[in-house]
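Encoded as structure tokens, the structure appears first; notes follow it.
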Amino acid sequence: MLERGHHDMGGLPAGKVEPTEHDYPEWERRVDAMVQLLRLGGKITVDELRKNIEALPPEAYDKLSYYEKWISSLTQTMIQRGVITSAELARKMEEVEKRRR
Amino acid sequence: MKPQFATKYRAVAAKFKTGERVRVRKSAPLGHIRTPFYIRGHVGEVERYCGAFPNPEELAQMRDGLPAQPLYRVRFKQKEVWPDYRGPDSDVVEIEIYQHWLEKA
């Protein structure tokens with residue numbers, strides 16, 4: 001099954017690159033901080049994070065922004081490592097959702 | 001052979017020398033792979049020995065990646081990699097590749 005992974009797009013036609021500057025919203029800064037702290041504390045490796053980003057379905061890989069990919073991958077890694085459970089995450093997400101209403 | 005970065009990990013012995021011709025394994029296993037798909041199967045020349053580092057394929061699966069794998073910077077001719085490349089013949093692309101992805105060409 002000699003197949004290219006969806007993320008492994010080196011060498012494919014890409015069109016023009018338009019560099020733009022942008023500010024980082026607060027949640028992106030928080031995601032960055034969490035990743036750095038967990039990495040420096042030896043709780044995760046960047047290789048695991050990459051593995052879980054690469055495991056995103058192709059549509060999600062193309063659609064999610066840079067930090068959306070990070071938070072999705074970090075969450076998956078925390079579940080795989082047993083730091084949080086899917087059930088705990090679901091409860092917390094429902095709680096946050098209620099707060100918004 | 002002196003590495004660019006000396007590390008203290010328990011490591012596999014480095015078997016390629018600077019200037020040696022190597023072929024990248026043409027393989028597509030599952031898992032977290034650092035060797036770009038487009039370079040697999042191509043022949044290049046060892047530009048330098050970077051040092052021995054824990055295997056990222058293992059680190060990605062929550063293992064320690066030891067013994068460490070020798071990492072090389074390999075130089076490929078752009079014209080050989082991309083048949084329709086229109087730049088000068090002297091243009092190269094350099095990629096850092098772990099030893100277990102390389103074989104003697």
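Labeling convention for the structure tokens: chains A, B, ... as they appear, residues from 1 per chain, ligands from 1 in order of appearance.
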Near chain B, 12 Å: chain A residue rows, closest pairs, only C-alpha atoms, as a Markdown table:
| residue | atom | partner | partner_atom | distance |
| --- | --- | --- | --- | --- |
| A:Met1 | CA | B:Ala28 | CA | 7.0 |
| A:Leu2 | CA | B:Ala28 | CA | 5.1 |
| A:Glu3 | CA | B:Ala28 | CA | 6.1 |
| A:Arg4 | CA | B:Phe37 | CA | 6.0 |
| A:Gly5 | CA | B:Phe37 | CA | 8.0 |
| A:His6 | CA | B:Phe37 | CA | 10.4 |
| A:His7 | CA | B:Pro36 | CA | 10.1 |
| A:Asp8 | CA | B:Phe37 | CA | 6.5 |
| A:Met9 | CA | B:Phe37 | CA | 8.1 |
| A:Gly10 | CA | B:Tyr38 | CA | 6.7 |
| A:Gly11 | CA | B:Tyr38 | CA | 6.6 |
| A:Leu12 | CA | B:Tyr38 | CA | 9.0 |
| A:Gly42 | CA | B:Met62 | CA | 11.1 |
| A:Lys43 | CA | B:Met62 | CA | 9.9 |
| A:Ile44 | CA | B:Met62 | CA | 8.2 |
| A:Thr45 | CA | B:Leu59 | CA | 6.8 |
| A:Val46 | CA | B:Ala60 | CA | 7.7 |
| A:Asp47 | CA | B:Ala60 | CA | 4.4 |
| A:Glu48 | CA | B:Ala60 | CA | 4.0 |
| A:Leu49 | CA | B:Ala60 | CA | 7.6 |
| A:Arg50 | CA | B:His32 | CA | 7.5 |
| A:Lys51 | CA | B:His32 | CA | 5.2 |
| A:Asn52 | CA | B:Ala60 | CA | 8.8 |
| A:Ile53 | CA | B:His32 | CA | 10.0 |
| A:Glu54 | CA | B:His32 | CA | 7.7 |
| A:Ala55 | CA | B:His32 | CA | 9.0 |
| A:Thr77 | CA | B:Met62 | CA | 9.8 |
| A:Met78 | CA | B:Met62 | CA | 11.7 |
| A:Gln80 | CA | B:Met62 | CA | 9.3 |
| A:Arg81 | CA | B:Met62 | CA | 8.3 |
| A:Gly82 | CA | B:Met62 | CA | 11.9 |
**Message:** Give me, as a PyMOL selection string, the residues of chain B that a backbone DSSP run labels strand (DSSP E).
**Reply:** chain B and resi 21-24+43-53+69-77+92-98+102-104
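Between atom CA of Asp91 of chain B and atom CA of Ala105 of chain B the interatomic distance comes to 20.7 Å.
Between atom CA of Val93 of chain B and atom CA of Gly19 of chain B the interatomic distance comes to 15.1 Å.
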**Prompt:** By how many Å are atom CA of Ile97 of chain B and atom CA of Lys79 of chain B apart?
**Reply:** 19.6 Å
